[in-house]
Amino acid sequence: MSDAASHSAGWRPATYYPDPAIRALDPRFEKYWLKLSAVERLTTGLRWAEGPVWFGDGRYLLCSDIPNQRIIKWEEETGAVSIFRKPSNFANGNTRDRQGRLVTCEHGGRRVTRTEYDGSITVLIDSFDGKRLNSPNDVVVKSDGSIWFTDPTFGLLGNYEGYKAEPEIDANVYRLDAATGKATIVAEGVLGPNGLAFSPDEKILYIIESRGVPNRKILAYDVSPSGDKLSSKRVFVDAGPGTPDGFRVDIDGNLWCGWGMGDPELDGVVVFAPDGVMIGRIALPERCANLCFGGVKRNRLFMAASQSIYALYVNTQGAPGG
């Protein structure tokens, strides 16, 4: 079935291997493509799926459903789906810190929080220089424990994914120091900062510029030897008609990116090699916003795509920090 036919027909699991939804655009993708694996739909019925994060110690996935004000939980062992948190304060991006605790970006609270071991919630940051944050979007944790997050205005634009309000501060990218809790701006002037991730050696930080002109872009920055500053801003990928949102990096430095905007030729996931060449594509019948690696061997790609969550086994693993 062609991409367009599959898209119009809705979700149809592959009936044979290799799954026709998976395509190598460059020979380098072949090593990551498990020919006896196929895209699976784990659950559906969400309004806008975002921020998947894997908990290996519990063998479950958490995923934000922003307009429904909830975080859902999918259990790998049983396939059971339940509500982890509701209301979620319009939670968006999620990750885990180096102690295994859930770190969440909340549109509603205009803040970044940490869920403690006992389930209580600690506010890590909700303002900078006396001004409220906009709507923290996506978050990653570096090996030194510092928390890096983007703060666009998307959650302030209406009452569907947050509370409509006027921004008090520019859309920046921040770093929270693990030892002091002090916040610093690490990137300014990014038009609609969205997803972010470090390269495996943490020498590069990639940031999605989701309001880039004329196209969305994936920007790359060099991380200082001290690990707390960025420099040498450059365009890693000009997305053209594509719409990158959230992404994660594998152990070889490839970027696995949520993609698409309701177009069967774009919707799904695309993979970029470290040199910026698009090497692979996973077609989905829905736009994919964000993804993460998980599973017992961290070789299962979980894709939060509009109203559904999909999964695919791949022959690589997610890099730490996402």
# chains A, B, ... in the order shown; residues from 1 in each chain; ligands from 1
>>> residues_around(residues="Lys73 in chain A", least_positions_apart="3", cutoff="6 Å", atoms="only C-alpha atoms", output="PyMOL selection string")
chain A and resi 61-62+81-84
>>> closest_residue(among="A:Val277, A:Gly108, A:Asn68, A:Ser308", to="Leu157 in chain A", atoms="only C-alpha atoms")
A:Gly108
>>> residues_around(residues="range 102-106 of chain A", least_positions_apart="3", cutoff="6 Å", atoms="only C-alpha atoms", output="list in words")
Asn89, Phe90, Ala91, Asn92, Gly93, Asn94, Thr95, Arg96, Gly109, Arg110, Arg111, Val112, Thr113, Arg114, Thr115, Pro136 and Asn137 of chain A
>>> closest_residue(among="A:Lys203, A:Lys31, A:Lys229, A:Arg70", to="Val314 in chain A", atoms="only C-alpha atoms")
A:Lys31
>>> select_by_dssp(residues="range 194-240 of chain A", states="strand (DSSP E or B)", output="PyMOL selection string")
chain A and resi 194-198+204-209+217-223+230-238
>>> residues_around(residues="Glu76 in chain A", least_positions_apart="2", cutoff="8 Å", atoms="only C-alpha atoms", output="count of residues only")
8
>>> residues_around(residues="Pro52 in chain A", least_positions_apart="5", cutoff="10 Å", atoms="only C-alpha atoms", output="PDB file with all heavy atoms, in the first residue's frame")
ATOM      1  N   LEU A  61       5.869   3.156  29.644  1.00  0.00           N
ATOM      2  CA  LEU A  61       6.039   4.408  28.918  1.00  0.00           C
ATOM      3  C   LEU A  61       5.030   5.413  29.447  1.00  0.00           C
ATOM      4  O   LEU A  61       3.863   5.072  29.658  1.00  0.00           O
ATOM      5  CB  LEU A  61       5.789   4.179  27.428  1.00  0.00           C
ATOM      6  CG  LEU A  61       5.945   5.403  26.508  1.00  0.00           C
ATOM      7  CD1 LEU A  61       7.411   5.619  26.166  1.00  0.00           C
ATOM      8  CD2 LEU A  61       5.122   5.225  25.231  1.00  0.00           C
ATOM      9  N   LEU A  62       5.479   6.646  29.651  1.00  0.00           N
ATOM     10  CA  LEU A  62       4.574   7.745  29.938  1.00  0.00           C
ATOM     11  C   LEU A  62       4.505   8.648  28.713  1.00  0.00           C
ATOM     12  O   LEU A  62       5.497   8.812  27.994  1.00  0.00           O
ATOM     13  CB  LEU A  62       5.044   8.563  31.139  1.00  0.00           C
ATOM     14  CG  LEU A  62       5.128   7.842  32.484  1.00  0.00           C
ATOM     15  CD1 LEU A  62       5.563   8.820  33.574  1.00  0.00           C
ATOM     16  CD2 LEU A  62       3.810   7.171  32.852  1.00  0.00           C
ATOM     17  N   CYS A  63       3.342   9.237  28.474  1.00  0.00           N
ATOM     18  CA  CYS A  63       3.170  10.103  27.317  1.00  0.00           C
ATOM     19  C   CYS A  63       2.145  11.177  27.645  1.00  0.00           C
ATOM     20  O   CYS A  63       1.082  10.882  28.207  1.00  0.00           O
ATOM     21  CB  CYS A  63       2.700   9.279  26.116  1.00  0.00           C
ATOM     22  SG  CYS A  63       2.491  10.227  24.591  1.00  0.00           S
ATOM     23  N   SER A  64       2.462  12.414  27.326  1.00  0.00           N
ATOM     24  CA  SER A  64       1.532  13.518  27.563  1.00  0.00           C
ATOM     25  C   SER A  64       0.421  13.526  26.516  1.00  0.00           C
ATOM     26  O   SER A  64       0.667  13.278  25.335  1.00  0.00           O
ATOM     27  CB  SER A  64       2.262  14.862  27.521  1.00  0.00           C
ATOM     28  OG  SER A  64       3.201  14.973  28.566  1.00  0.00           O
ATOM     29  N   ASP A  65      -0.782  13.812  26.954  1.00  0.00           N
ATOM     30  CA  ASP A  65      -1.922  14.070  26.084  1.00  0.00           C
ATOM     31  C   ASP A  65      -2.369  15.480  26.439  1.00  0.00           C
ATOM     32  O   ASP A  65      -3.203  15.686  27.319  1.00  0.00           O
ATOM     33  CB  ASP A  65      -3.023  13.035  26.346  1.00  0.00           C
ATOM     34  CG  ASP A  65      -4.225  13.199  25.428  1.00  0.00           C
ATOM     35  OD1 ASP A  65      -4.180  14.069  24.534  1.00  0.00           O
ATOM     36  OD2 ASP A  65      -5.209  12.459  25.611  1.00  0.00           O
ATOM     37  N   ILE A  71      -1.380  12.714  31.638  1.00  0.00           N
ATOM     38  CA  ILE A  71      -0.247  11.883  31.219  1.00  0.00           C
ATOM     39  C   ILE A  71      -0.721  10.451  31.292  1.00  0.00           C
ATOM     40  O   ILE A  71      -1.244  10.013  32.332  1.00  0.00           O
ATOM     41  CB  ILE A  71       0.983  12.103  32.118  1.00  0.00           C
ATOM     42  CG1 ILE A  71       1.468  13.554  32.035  1.00  0.00           C
ATOM     43  CG2 ILE A  71       2.107  11.149  31.721  1.00  0.00           C
ATOM     44  CD1 ILE A  71       2.601  13.871  33.005  1.00  0.00           C
ATOM     45  N   ILE A  72      -0.581   9.719  30.199  1.00  0.00           N
ATOM     46  CA  ILE A  72      -1.021   8.329  30.204  1.00  0.00           C
ATOM     47  C   ILE A  72       0.167   7.393  30.387  1.00  0.00           C
ATOM     48  O   ILE A  72       1.321   7.753  30.138  1.00  0.00           O
ATOM     49  CB  ILE A  72      -1.806   7.968  28.935  1.00  0.00           C
ATOM     50  CG1 ILE A  72      -0.892   7.996  27.692  1.00  0.00           C
ATOM     51  CG2 ILE A  72      -3.002   8.894  28.747  1.00  0.00           C
ATOM     52  CD1 ILE A  72      -1.538   7.349  26.481  1.00  0.00           C
ATOM     53  N   LYS A  73      -0.134   6.198  30.810  1.00  0.00           N
ATOM     54  CA  LYS A  73       0.879   5.168  31.085  1.00  0.00           C
ATOM     55  C   LYS A  73       0.552   3.922  30.277  1.00  0.00           C
ATOM     56  O   LYS A  73      -0.587   3.434  30.302  1.00  0.00           O
ATOM     57  CB  LYS A  73       0.877   4.849  32.582  1.00  0.00           C
ATOM     58  CG  LYS A  73       1.837   3.736  33.011  1.00  0.00           C
ATOM     59  CD  LYS A  73       1.693   3.492  34.510  1.00  0.00           C
ATOM     60  CE  LYS A  73       2.617   2.395  34.994  1.00  0.00           C
ATOM     61  NZ  LYS A  73       2.439   2.147  36.448  1.00  0.00           N
ATOM     62  N   ASN A  92       3.711  18.795  28.691  1.00  0.00           N
ATOM     63  CA  ASN A  92       4.194  18.569  27.336  1.00  0.00           C
ATOM     64  C   ASN A  92       5.405  17.630  27.396  1.00  0.00           C
ATOM     65  O   ASN A  92       5.256  16.443  27.584  1.00  0.00           O
ATOM     66  CB  ASN A  92       4.518  19.901  26.664  1.00  0.00           C
ATOM     67  CG  ASN A  92       4.838  19.776  25.187  1.00  0.00           C
ATOM     68  OD1 ASN A  92       5.189  18.724  24.700  1.00  0.00           O
ATOM     69  ND2 ASN A  92       4.724  20.872  24.453  1.00  0.00           N
ATOM     70  N   GLY A  93       6.616  18.165  27.263  1.00  0.00           N
ATOM     71  CA  GLY A  93       7.803  17.325  27.212  1.00  0.00           C
ATOM     72  C   GLY A  93       8.144  16.696  28.550  1.00  0.00           C
ATOM     73  O   GLY A  93       7.925  17.285  29.613  1.00  0.00           O
ATOM     74  N   ASN A  94       8.684  15.479  28.487  1.00  0.00           N
ATOM     75  CA  ASN A  94       9.111  14.744  29.682  1.00  0.00           C
ATOM     76  C   ASN A  94      10.476  14.122  29.451  1.00  0.00           C
ATOM     77  O   ASN A  94      10.842  13.790  28.324  1.00  0.00           O
ATOM     78  CB  ASN A  94       8.130  13.612  30.005  1.00  0.00           C
ATOM     79  CG  ASN A  94       6.737  14.085  30.330  1.00  0.00           C
ATOM     80  OD1 ASN A  94       6.489  14.637  31.393  1.00  0.00           O
ATOM     81  ND2 ASN A  94       5.794  13.870  29.412  1.00  0.00           N
ATOM     82  N   THR A  95      11.212  13.937  30.529  1.00  0.00           N
ATOM     83  CA  THR A  95      12.433  13.144  30.505  1.00  0.00           C
ATOM     84  C   THR A  95      12.673  12.655  31.926  1.00  0.00           C
ATOM     85  O   THR A  95      11.852  12.868  32.821  1.00  0.00           O
ATOM     86  CB  THR A  95      13.624  13.961  29.961  1.00  0.00           C
ATOM     87  OG1 THR A  95      14.723  13.074  29.704  1.00  0.00           O
ATOM     88  CG2 THR A  95      14.070  15.041  30.939  1.00  0.00           C
ATOM     89  N   GLY A 246       9.785  17.191  17.907  1.00  0.00           N
ATOM     90  CA  GLY A 246      10.664  16.608  18.918  1.00  0.00           C
ATOM     91  C   GLY A 246      11.508  15.510  18.302  1.00  0.00           C
ATOM     92  O   GLY A 246      11.178  14.964  17.245  1.00  0.00           O
ATOM     93  N   ALA A 289       4.785  13.950  16.613  1.00  0.00           N
ATOM     94  CA  ALA A 289       5.305  15.126  17.318  1.00  0.00           C
ATOM     95  C   ALA A 289       6.626  14.825  18.004  1.00  0.00           C
ATOM     96  O   ALA A 289       7.562  15.620  17.949  1.00  0.00           O
ATOM     97  CB  ALA A 289       4.291  15.612  18.345  1.00  0.00           C
ATOM     98  N   ASN A 290       6.720  13.688  18.675  1.00  0.00           N
ATOM     99  CA  ASN A 290       7.901  13.418  19.490  1.00  0.00           C
ATOM    100  C   ASN A 290       8.091  11.917  19.644  1.00  0.00           C
ATOM    101  O   ASN A 290       7.189  11.131  19.333  1.00  0.00           O
ATOM    102  CB  ASN A 290       7.752  14.088  20.862  1.00  0.00           C
ATOM    103  CG  ASN A 290       9.077  14.576  21.411  1.00  0.00           C
ATOM    104  OD1 ASN A 290      10.127  14.012  21.119  1.00  0.00           O
ATOM    105  ND2 ASN A 290       9.033  15.624  22.202  1.00  0.00           N
ATOM    106  N   LEU A 291       9.236  11.527  20.149  1.00  0.00           N
ATOM    107  CA  LEU A 291       9.554  10.109  20.256  1.00  0.00           C
ATOM    108  C   LEU A 291      10.619   9.894  21.313  1.00  0.00           C
ATOM    109  O   LEU A 291      11.223  10.839  21.827  1.00  0.00           O
ATOM    110  CB  LEU A 291      10.008   9.564  18.891  1.00  0.00           C
ATOM    111  CG  LEU A 291      11.037  10.389  18.094  1.00  0.00           C
ATOM    112  CD1 LEU A 291      12.442  10.178  18.607  1.00  0.00           C
ATOM    113  CD2 LEU A 291      10.967  10.067  16.617  1.00  0.00           C
ATOM    114  N   CYS A 292      10.837   8.631  21.644  1.00  0.00           N
ATOM    115  CA  CYS A 292      11.927   8.274  22.555  1.00  0.00           C
ATOM    116  C   CYS A 292      12.287   6.814  22.317  1.00  0.00           C
ATOM    117  O   CYS A 292      11.531   6.057  21.691  1.00  0.00           O
ATOM    118  CB  CYS A 292      11.540   8.506  24.021  1.00  0.00           C
ATOM    119  SG  CYS A 292      10.358   7.320  24.698  1.00  0.00           S
ATOM    120  N   PHE A 293      13.454   6.427  22.809  1.00  0.00           N
ATOM    121  CA  PHE A 293      13.869   5.034  22.772  1.00  0.00           C
ATOM    122  C   PHE A 293      13.558   4.389  24.112  1.00  0.00           C
ATOM    123  O   PHE A 293      13.632   5.031  25.159  1.00  0.00           O
ATOM    124  CB  PHE A 293      15.369   4.925  22.485  1.00  0.00           C
ATOM    125  CG  PHE A 293      15.757   5.296  21.086  1.00  0.00           C
ATOM    126  CD1 PHE A 293      16.121   6.597  20.773  1.00  0.00           C
ATOM    127  CD2 PHE A 293      15.754   4.352  20.080  1.00  0.00           C
ATOM    128  CE1 PHE A 293      16.478   6.955  19.484  1.00  0.00           C
ATOM    129  CE2 PHE A 293      16.109   4.694  18.779  1.00  0.00           C
ATOM    130  CZ  PHE A 293      16.477   5.997  18.479  1.00  0.00           C
ATOM    131  N   GLY A 294      13.209   3.110  24.082  1.00  0.00           N
ATOM    132  CA  GLY A 294      12.916   2.395  25.318  1.00  0.00           C
ATOM    133  C   GLY A 294      12.968   0.897  25.084  1.00  0.00           C
ATOM    134  O   GLY A 294      13.661   0.423  24.187  1.00  0.00           O
ATOM    135  N   PHE A 302       9.562   4.536  20.418  1.00  0.00           N
ATOM    136  CA  PHE A 302       8.174   4.888  20.734  1.00  0.00           C
ATOM    137  C   PHE A 302       7.871   6.239  20.106  1.00  0.00           C
ATOM    138  O   PHE A 302       8.601   7.212  20.331  1.00  0.00           O
ATOM    139  CB  PHE A 302       7.963   4.949  22.244  1.00  0.00           C
ATOM    140  CG  PHE A 302       8.086   3.607  22.917  1.00  0.00           C
ATOM    141  CD1 PHE A 302       9.262   3.252  23.574  1.00  0.00           C
ATOM    142  CD2 PHE A 302       7.039   2.702  22.895  1.00  0.00           C
ATOM    143  CE1 PHE A 302       9.384   2.024  24.196  1.00  0.00           C
ATOM    144  CE2 PHE A 302       7.145   1.461  23.517  1.00  0.00           C
ATOM    145  CZ  PHE A 302       8.319   1.117  24.171  1.00  0.00           C
ATOM    146  N   MET A 303       6.775   6.313  19.349  1.00  0.00           N
ATOM    147  CA  MET A 303       6.448   7.498  18.564  1.00  0.00           C
ATOM    148  C   MET A 303       5.089   8.049  18.981  1.00  0.00           C
ATOM    149  O   MET A 303       4.070   7.375  18.838  1.00  0.00           O
ATOM    150  CB  MET A 303       6.455   7.136  17.076  1.00  0.00           C
ATOM    151  CG  MET A 303       7.807   6.642  16.585  1.00  0.00           C
ATOM    152  SD  MET A 303       7.751   5.794  14.965  1.00  0.00           S
ATOM    153  CE  MET A 303       7.229   4.128  15.472  1.00  0.00           C
ATOM    154  N   ALA A 304       5.077   9.275  19.509  1.00  0.00           N
ATOM    155  CA  ALA A 304       3.837   9.953  19.886  1.00  0.00           C
ATOM    156  C   ALA A 304       3.347  10.720  18.666  1.00  0.00           C
ATOM    157  O   ALA A 304       3.928  11.731  18.278  1.00  0.00           O
ATOM    158  CB  ALA A 304       4.085  10.893  21.053  1.00  0.00           C
ATOM    159  N   ILE A 309      -0.090   6.296  19.789  1.00  0.00           N
ATOM    160  CA  ILE A 309       1.299   5.983  20.113  1.00  0.00           C
ATOM    161  C   ILE A 309       1.688   4.729  19.336  1.00  0.00           C
ATOM    162  O   ILE A 309       0.984   3.702  19.393  1.00  0.00           O
ATOM    163  CB  ILE A 309       1.507   5.751  21.618  1.00  0.00           C
ATOM    164  CG1 ILE A 309       1.070   6.992  22.411  1.00  0.00           C
ATOM    165  CG2 ILE A 309       2.970   5.432  21.913  1.00  0.00           C
ATOM    166  CD1 ILE A 309       1.078   6.780  23.916  1.00  0.00           C
ATOM    167  N   GLY A 322      18.047  11.455  27.153  1.00  0.00           N
ATOM    168  CA  GLY A 322      16.745  11.792  26.615  1.00  0.00           C
ATOM    169  C   GLY A 322      15.609  11.118  27.306  1.00  0.00           C
ATOM    170  O   GLY A 322      14.470  11.288  26.936  1.00  0.00           O
TER     171      GLY A 322
END
>>> atom_distance(atom1="CA of Val123 in chain A", atom2="CA of Thr184 in chain A")
16.5 Å
>>> residues_around(residues="Trp148 in chain A", least_positions_apart="2", cutoff="10 Å", atoms="only C-alpha atoms", output="list in words")
Asp138, Val139, Val140, Val141, Lys142, Gly145, Ser146, Thr150, Val173, Tyr174, Arg175, Leu176, Asp177, Ala183, Thr184, Ile185, Val186, Leu196, Ala197, Phe198, Leu205 and Asp228 of chain A
>>> atom_distance(atom1="CA of Leu219 in chain A", atom2="CA of Gly192 in chain A")
11.8 Å
>>> closest_residue(among="A:Tyr163, A:Trp259, A:Trp11, A:Tyr206", to="Ile66 in chain A", atoms="only C-alpha atoms")
A:Tyr163
>>> closest_residue(among="A:Tyr17, A:Tyr32, A:Phe236, A:Tyr160", to="Ile204 in chain A", atoms="only C-alpha atoms")
A:Phe236
>>> closest_residue(among="A:Glu161, A:Asp19, A:Asp126, A:Glu30", to="Glu50 in chain A", atoms="only C-alpha atoms")
A:Glu161
>>> atom_distance(atom1="CA of Ala179 in chain A", atom2="CA of Pro193 in chain A")
25.3 Å
>>> select_by_dssp(residues="range 3-37 of chain A", states="alpha helix (DSSP H)", output="list of chain:residue names")
A:Asp3, A:Ala4, A:Ala5, A:Ser6, A:His7, A:Ser8, A:Ala9
